[in-house]
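Here is the file coords_27.txt (compact mmCIF, C-alpha atoms (C1' of nucleotides)).
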```
# COMPACT_ATOMS: atom_id res chain seq x y z
CA MET A 1137 148.59 310.74 57.44
CA HIS A 1138 150.54 308.47 55.20
CA THR A 1139 151.27 308.95 51.59
CA VAL A 1140 150.81 305.31 50.66
CA GLU A 1141 153.31 305.07 47.88
CA VAL A 1142 154.21 301.45 47.26
CA PHE A 1143 156.86 300.22 44.82
CA SER A 1144 156.23 298.48 41.53
CA LYS A 1145 157.26 294.90 40.75
CA LYS A 1146 160.26 296.30 38.95
CA PHE A 1147 161.76 297.40 42.27
CA TYR A 1148 161.78 293.79 43.48
CA LYS A 1149 162.86 292.21 40.18
CA ARG A 1150 166.53 292.82 40.79
CA ASP A 1151 169.43 291.11 42.50
CA PRO A 1152 168.33 290.45 46.11
CA ALA A 1153 171.39 292.27 47.50
CA LEU A 1154 170.44 295.43 45.63
CA VAL A 1155 166.86 295.20 46.77
CA ALA A 1156 168.02 294.59 50.35
CA ARG A 1157 170.08 297.80 50.32
CA ASP A 1158 167.29 299.82 48.77
CA MET A 1159 164.73 298.60 51.30
CA LEU A 1160 166.66 300.36 54.07
CA GLY A 1161 164.92 303.53 55.20
CA LYS A 1162 161.55 302.46 53.76
CA THR A 1163 158.49 302.14 55.96
CA LEU A 1164 156.68 298.92 56.81
CA ILE A 1165 153.01 299.43 57.63
CA ARG A 1166 150.83 296.93 59.45
CA LYS A 1167 147.11 297.54 59.62
CA LEU A 1168 145.75 295.75 62.65
CA ASP A 1169 142.02 296.08 63.07
CA SER A 1170 141.63 299.85 62.71
CA ARG A 1171 145.07 300.64 64.05
CA ILE A 1172 148.26 301.46 62.20
CA LEU A 1173 151.59 300.06 63.33
CA SER A 1174 154.64 301.12 61.39
CA GLY A 1175 158.40 301.14 61.44
CA LYS A 1176 161.37 302.17 59.37
CA ILE A 1177 163.46 299.32 57.99
CA VAL A 1178 166.98 299.58 59.40
CA GLU A 1179 168.41 296.10 58.74
CA THR A 1180 167.98 293.50 55.98
CA GLU A 1181 169.62 290.38 54.57
CA ALA A 1182 169.64 289.00 51.02
CA TYR A 1183 169.10 285.32 50.23
CA TYR A 1184 169.50 283.48 46.94
CA GLY A 1185 168.41 280.08 45.62
CA ARG A 1186 170.22 276.83 44.96
CA SER A 1187 173.62 278.49 45.11
CA ASP A 1188 173.06 279.75 48.67
CA PRO A 1189 173.47 277.19 51.48
CA ALA A 1190 171.73 279.49 53.98
CA SER A 1191 168.65 279.94 51.82
CA ARG A 1192 165.29 278.29 52.35
CA ALA A 1193 165.43 277.54 48.65
CA TYR A 1194 168.83 275.81 48.75
CA LYS A 1195 167.42 272.30 48.43
CA GLY A 1196 165.13 273.09 45.56
CA ARG A 1197 161.51 273.98 45.19
CA LYS A 1198 159.22 272.60 47.87
CA ARG A 1199 155.77 273.57 48.98
CA PHE A 1200 157.05 275.61 51.96
CA ASN A 1201 159.52 277.67 49.91
CA GLU A 1202 157.55 277.90 46.70
CA LEU A 1203 157.02 281.66 46.93
CA MET A 1204 160.76 282.26 46.52
CA PHE A 1205 160.55 280.60 43.11
CA LEU A 1206 157.52 282.57 41.98
CA ASP A 1207 157.28 286.19 40.89
CA ALA A 1208 159.08 288.82 42.96
CA GLY A 1209 157.03 291.21 45.05
CA ARG A 1210 155.19 289.15 47.66
CA PHE A 1211 155.63 288.91 51.40
CA PHE A 1212 157.04 285.52 52.38
CA ILE A 1213 156.67 284.47 55.99
CA TYR A 1214 157.94 281.33 57.70
CA MET A 1215 158.87 280.14 61.13
CA VAL A 1216 162.29 279.53 62.60
CA HIS A 1217 162.83 278.62 66.26
CA ALA A 1218 159.33 279.66 67.19
CA ASN A 1219 159.64 283.04 65.48
CA TRP A 1220 157.84 284.18 62.36
CA LEU A 1221 160.30 285.81 59.98
CA LEU A 1222 159.21 288.37 57.40
CA ASN A 1223 160.72 288.38 53.92
CA ILE A 1224 159.91 289.88 50.55
CA VAL A 1225 160.43 287.75 47.46
CA ALA A 1226 163.05 289.53 45.34
CA HIS A 1227 165.07 288.27 42.40
CA MET A 1228 165.84 288.74 38.74
CA GLU A 1229 163.31 287.41 36.25
CA ALA A 1230 163.20 283.59 36.34
CA SER A 1231 165.58 283.46 39.31
CA VAL A 1232 165.13 282.70 43.03
CA GLY A 1233 165.62 284.84 46.13
CA ALA A 1234 164.25 286.93 48.96
CA VAL A 1235 165.12 289.70 51.39
CA LEU A 1236 164.72 289.15 55.13
CA ILE A 1237 163.64 292.16 57.16
CA ARG A 1238 165.74 291.98 60.32
CA ALA A 1239 165.02 295.16 62.25
CA LEU A 1240 162.77 298.22 62.33
CA GLU A 1241 162.81 301.57 64.03
CA PRO A 1242 159.32 301.87 65.59
CA LEU A 1243 157.31 304.83 64.27
CA GLU A 1244 153.57 304.47 64.93
CA GLY A 1245 151.58 302.27 67.28
CA ILE A 1246 154.36 301.96 69.80
CA GLU A 1247 151.99 301.32 72.70
CA VAL A 1248 150.47 298.34 70.87
CA MET A 1249 153.94 297.04 70.07
CA LYS A 1250 154.92 297.26 73.72
CA LYS A 1251 151.88 295.22 74.62
CA ASN A 1252 152.56 292.64 71.92
CA ARG A 1253 156.17 292.29 73.00
CA ASP A 1254 155.52 292.57 76.72
CA THR A 1255 158.26 295.11 77.26
CA LYS A 1256 158.49 298.84 77.86
CA ASP A 1257 161.90 299.22 76.26
CA LYS A 1258 161.38 300.90 72.89
CA ARG A 1259 164.80 299.79 71.76
CA ASP A 1260 163.91 296.16 72.34
CA LEU A 1261 160.60 296.20 70.43
CA THR A 1262 161.66 295.51 66.86
CA SER A 1263 165.46 295.10 66.93
CA GLY A 1264 165.46 291.55 65.55
CA PRO A 1265 163.60 289.55 62.90
CA GLY A 1266 161.50 287.57 65.37
CA LYS A 1267 160.92 290.58 67.60
CA LEU A 1268 159.48 292.77 64.87
CA THR A 1269 156.96 290.18 63.69
CA LYS A 1270 155.73 289.75 67.24
CA ALA A 1271 155.52 293.52 67.79
CA LEU A 1272 153.50 293.98 64.60
CA ALA A 1273 151.42 290.81 65.07
CA ILE A 1274 152.69 289.30 61.83
CA THR A 1275 152.08 285.57 61.32
CA ASN A 1276 151.85 283.24 58.34
CA GLU A 1277 148.24 284.36 57.90
CA LEU A 1278 149.75 287.27 55.97
CA ASN A 1279 151.96 285.02 53.83
CA GLY A 1280 151.82 285.79 50.11
CA ILE A 1281 150.39 289.33 50.24
CA ASP A 1282 151.32 291.28 47.12
CA VAL A 1283 153.60 294.17 48.12
CA THR A 1284 152.55 296.30 45.16
CA ARG A 1285 149.00 296.61 46.46
CA THR A 1286 147.75 299.43 48.64
CA ASN A 1287 145.20 299.01 51.37
CA GLU A 1288 146.55 295.64 52.49
CA GLN A 1289 147.18 294.55 56.07
CA LEU A 1290 150.90 294.68 55.31
CA MET A 1291 152.60 297.22 53.06
CA LEU A 1292 156.03 298.56 52.28
CA VAL A 1293 155.98 302.23 51.34
CA ARG A 1294 158.46 304.92 50.49
CA GLY A 1295 158.13 306.92 53.70
CA GLU A 1296 160.35 309.85 54.58
CA ILE A 1297 163.24 310.63 52.29
CA GLU A 1298 166.43 311.00 54.26
CA SER A 1299 170.10 310.33 53.87
CA PHE A 1300 172.09 307.79 55.86
CA SER A 1301 175.12 305.63 55.40
CA ILE A 1302 174.84 301.89 54.88
CA GLY A 1303 176.98 299.25 56.55
CA SER A 1304 177.32 295.58 55.61
CA SER A 1305 178.44 292.37 57.30
CA PRO A 1306 178.14 288.61 56.93
CA ARG A 1307 174.62 287.34 57.59
CA ILE A 1308 173.70 286.53 61.16
CA GLY A 1309 173.08 283.08 62.51
CA VAL A 1310 173.58 281.15 59.31
CA LYS A 1311 175.45 277.85 59.38
CA ALA A 1312 177.08 278.24 55.99
CA ASP A 1313 177.40 281.71 54.53
CA LEU A 1314 178.39 282.94 51.09
CA PRO A 1315 181.65 284.90 50.71
CA GLN A 1316 179.86 288.19 50.00
CA GLU A 1317 178.52 290.36 52.80
CA LEU A 1318 174.76 290.09 52.45
CA ARG A 1319 173.56 291.81 55.60
CA PHE A 1320 172.86 295.53 55.31
CA TYR A 1321 171.99 298.07 57.96
CA ILE A 1322 171.75 301.79 58.62
CA LYS A 1323 174.89 302.85 60.40
CA ARG A 1324 174.57 304.32 63.88
CA ASN A 1325 170.88 303.44 64.11
CA ILE A 1326 170.20 302.07 67.60
CA PHE A 1327 167.42 299.76 66.45
CA VAL A 1328 169.74 297.52 64.46
CA SER A 1329 169.91 294.07 66.08
CA ARG A 1330 172.66 294.34 68.62
CA TYR A 1331 175.15 291.64 67.93
CA LEU A 1332 177.72 292.03 65.17
CA ARG A 1333 176.92 295.72 65.04
CA THR A 1334 179.94 297.57 63.83
CA GLY A 1335 179.29 301.07 62.51
C1' DA B 566 158.95 259.89 65.48
C1' DG B 567 162.87 262.69 65.38
C1' DG B 568 165.42 266.69 64.34
C1' DA B 569 166.62 271.00 62.12
C1' DA B 570 165.66 275.73 61.67
C1' DG B 571 167.91 282.89 58.71
C1' DA B 572 166.12 283.45 66.95
C1' DT B 573 165.31 285.01 71.67
C1' DC B 574 165.66 285.09 76.55
C1' DT B 575 167.95 284.45 80.77
C1' DA B 576 171.68 283.93 83.65
C1' DC B 577 175.84 284.13 84.28
C1' DT B 578 181.20 285.61 83.89
C1' DG C 581 179.35 289.08 75.33
C1' DT C 582 178.78 284.24 75.55
C1' DA C 583 176.39 279.62 76.73
C1' DG C 584 172.56 276.99 77.19
C1' DA C 585 167.54 276.22 77.33
C1' DT C 586 163.64 276.77 74.88
C1' DC C 587 160.15 278.44 71.82
C1' DT C 588 156.94 276.03 67.12
C1' DT C 589 156.55 274.60 62.61
C1' DC C 590 157.68 271.65 58.79
C1' DC C 591 160.85 268.61 56.84
C1' DT C 592 162.85 263.79 56.23
C1' DA C 593 162.73 258.87 57.55
```
Have the structure of the file written as C-alpha cells, please.
Amino acid sequence: MHTVEVFSKKFYKRDPALVARDMLGKTLIRKLDSRILSGKIVETEAYYGRSDPASRAYKGRKRFNELMFLDAGRFFIYMVHANWLLNIVAHMEASVGAVLIRALEPLEGIEVMKKNRDTKDKRDLTSGPGKLTKALAITNELNGIDVTRTNEQLMLVRGEIESFSIGSSPRIGVKADLPQELRFYIKRNIFVSRYLRTG
DNA sequence: AGGAAGATCTACT
DNA sequence: GTAGATCTTCCTA
C-alpha cells in the first residue's frame, strides 16, 4: 500500500527550475474508478511567465492560462497538438510559472496503461508528455486539482527514496527557448522521452 | 474562419 | 534519426 505523503504548498512556492528538479523521483498517482495507476517522474521542464517565450503565460494572463498566475500547488492541464499535457503550478510568491511532467516510469496499473495506450511496449507507455496523460486517462476534467490534498483522483507523493543523478538540457519542442537549460531528467532511466537523451 | 500549439505516429533513408 | 501528416482545443481576426 501507499504511504500517501503529499508535499505542502511551500514545496511548490519556489523557482520553477528548482521544483522541476525536486519533482524527479516522486510518484504520480492516478485513481481511476477503484484502480490505482502510478508512475515515477523521470523527466520535467520548468516554465516561467512573461519573460519566457515558450510559456503559456508569455502573452499575459488569459482565461486559459490563469492557473499559472494563481497560487502554486495545483495541477494545470491543457492541450497541445491533440495531447493533454500535465503541469503543476510552481513559482515564487506573486510570480508566474509551472512545471511540465514529461515522462514517467510506470509502476502500478500497467495493464490498464497498455490498454489506454494501445501498445504492449512498457517502454512506450509513458515516455512523453502526451503519452503519459493518455496512459493515465488524464484530461482537463482534472484541471485545477490541489496537489496538497490527499484522496484526490490525481496526487503527487513522495514515494520511494532513492539516489540518482540528474541531467539537464534545453527544453524540447519549443520555438524560442531561454538560455538556461530547463529540462531535467533522471540519467540512464530508459523511460525518459527518447530524443535529445544524452546521459 | 483560420491558424498555432511545450506532441506523436508512421514511413522512410 | 529525420520529415511529414495528423491529432484537438483555444486563441486571434
Worksheet item: What is the CA of Ile1224 in chain A-CA of Phe1211 in chain A distance in Å, reported with one decimal?
Response: 4.5 Å
Item to complete: Show me as JSON, numbers by chain the residues that reach within 9 Å of (151.7, 306.6, 48.3), counting only C-alpha atoms (C1' of nucleotides) and using the file's own coordinates.
Response: {"A": [1138, 1139, 1140, 1141, 1142, 1143, 1286, 1293, 1294, 1295]}
So that I have them on file, write out the residues from the current selection with C-alpha atoms, as an mmCIF file, in the coordinates of the input.
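The result, stored in part_29.cif:
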```
data_model
loop_
_atom_site.group_PDB
_atom_site.id
_atom_site.type_symbol
_atom_site.label_atom_id
_atom_site.label_comp_id
_atom_site.auth_asym_id
_atom_site.auth_seq_id
_atom_site.Cartn_x
_atom_site.Cartn_y
_atom_site.Cartn_z
ATOM 1 C CA HIS A 1138 150.540 308.470 55.200
ATOM 2 C CA THR A 1139 151.270 308.950 51.590
ATOM 3 C CA VAL A 1140 150.810 305.310 50.660
ATOM 4 C CA GLU A 1141 153.310 305.070 47.880
ATOM 5 C CA VAL A 1142 154.210 301.450 47.260
ATOM 6 C CA PHE A 1143 156.860 300.220 44.820
ATOM 7 C CA THR A 1286 147.750 299.430 48.640
ATOM 8 C CA VAL A 1293 155.980 302.230 51.340
ATOM 9 C CA ARG A 1294 158.460 304.920 50.490
ATOM 10 C CA GLY A 1295 158.130 306.920 53.700
#
```
Discussion item. List as JSON, numbers by chain the protein and nucleic acid residues near DT573 in chain B, meaning an atom at most 10 Å away when only C-alpha atoms (C1' of nucleotides) are counted, but skip any in the same chain fewer than 6 places from it.
Written reply: {"A": [1217, 1218, 1219, 1264, 1266, 1267], "C": [586, 587]}
Fill in: Answer as a ChimeraX atom specification, residues within 8 Å of (165.4, 293.7, 39.0) using only C-alpha atoms (C1' of nucleotides)
/A:1146-1151,1226-1229
Discussion item. Set the distance at 9 Å and use all atoms listed in the file: which residues neighbour Asp1260 in chain A once local chain neighbours fewer than 6 positions away are removed? I'd like the list as a ChimeraX atom specification.
Written reply: /A:1253,1267,1327,1329
For chain B against chain A, with a cut-off of 7 Å and counting only C-alpha atoms (C1' of nucleotides), what is the closest atom pair and its distance in Å to one decimal for every residue that makes the cut, ordered by chain and number, as a Markdown table?
```
| residue | atom | partner | partner_atom | distance |
| --- | --- | --- | --- | --- |
| B:DA570 | C1' | A:Val1216 | CA | 5.2 |
| B:DG571 | C1' | A:Val1310 | CA | 6.0 |
| B:DA572 | C1' | A:His1217 | CA | 5.9 |
```
Worksheet item: What's the 12 Å shell around DT592 in chain C, counting all atoms listed in the file, without same-chain residues fewer than 6 positions away, as a list in words?
Response: DA566, DG567, DG568 and DA569 of chain B
Expected file contents, prior selection, C-alpha atoms (C1' of nucleotides), as a compact mmCIF listing (two decimals), in the frame of the given file:
```
# COMPACT_ATOMS: atom_id res chain seq x y z
C1' DA B 566 158.95 259.89 65.48
C1' DG B 567 162.87 262.69 65.38
C1' DG B 568 165.42 266.69 64.34
C1' DA B 569 166.62 271.00 62.12
```
Practice prompt. Would you mind reading off the distance between CA of Ala1153 in chain A and CA of Glu1244 in chain A, one decimal, in Å?
Written response: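 Rounded to one decimal, the two atoms are 27.8 Å apart.
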Item to complete: Please identify every residue of chain C that has at least one atom no more than 10 Å from any atom of chain A, counting all atoms listed in the file, and report them as a list in words.
Response: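 In the required form, that comes to DG581, DT586, DC587, DT588, DT589, DC590 and DC591 of chain C.
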Fill in: Polymer residues at most 12 Å from DC577 in chain B, all atoms listed in the file, same-chain spacing of 6 or more positions, as a ChimeraX atom specification
/C:581-584
Worksheet item: Which value, in Å to one decimal, gives the distance between CA of Leu1164 in chain A and CA of Ser1231 in chain A?
Response: 25.0 Å
Worksheet entry | Lys1162 in chain A surroundings by all atoms listed in the file, 10 Å radius, close-in-sequence under 4 positions cut, as an MDAnalysis selection string | chainID A and resid 1142 1158 1175:1178 1240 1292:1298
What does the file look like for those residues with C-alpha atoms, as a PDB file, in the coordinates of the input?
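The new file out_35.pdb reads:
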```
ATOM      1  CA  VAL A1142     154.210 301.450  47.260  1.00  0.00           C
ATOM      2  CA  ASP A1158     167.290 299.820  48.770  1.00  0.00           C
ATOM      3  CA  GLY A1175     158.400 301.140  61.440  1.00  0.00           C
ATOM      4  CA  LYS A1176     161.370 302.170  59.370  1.00  0.00           C
ATOM      5  CA  ILE A1177     163.460 299.320  57.990  1.00  0.00           C
ATOM      6  CA  VAL A1178     166.980 299.580  59.400  1.00  0.00           C
ATOM      7  CA  LEU A1240     162.770 298.220  62.330  1.00  0.00           C
ATOM      8  CA  LEU A1292     156.030 298.560  52.280  1.00  0.00           C
ATOM      9  CA  VAL A1293     155.980 302.230  51.340  1.00  0.00           C
ATOM     10  CA  ARG A1294     158.460 304.920  50.490  1.00  0.00           C
ATOM     11  CA  GLY A1295     158.130 306.920  53.700  1.00  0.00           C
ATOM     12  CA  GLU A1296     160.350 309.850  54.580  1.00  0.00           C
ATOM     13  CA  ILE A1297     163.240 310.630  52.290  1.00  0.00           C
ATOM     14  CA  GLU A1298     166.430 311.000  54.260  1.00  0.00           C
TER      15      GLU A1298
END
```
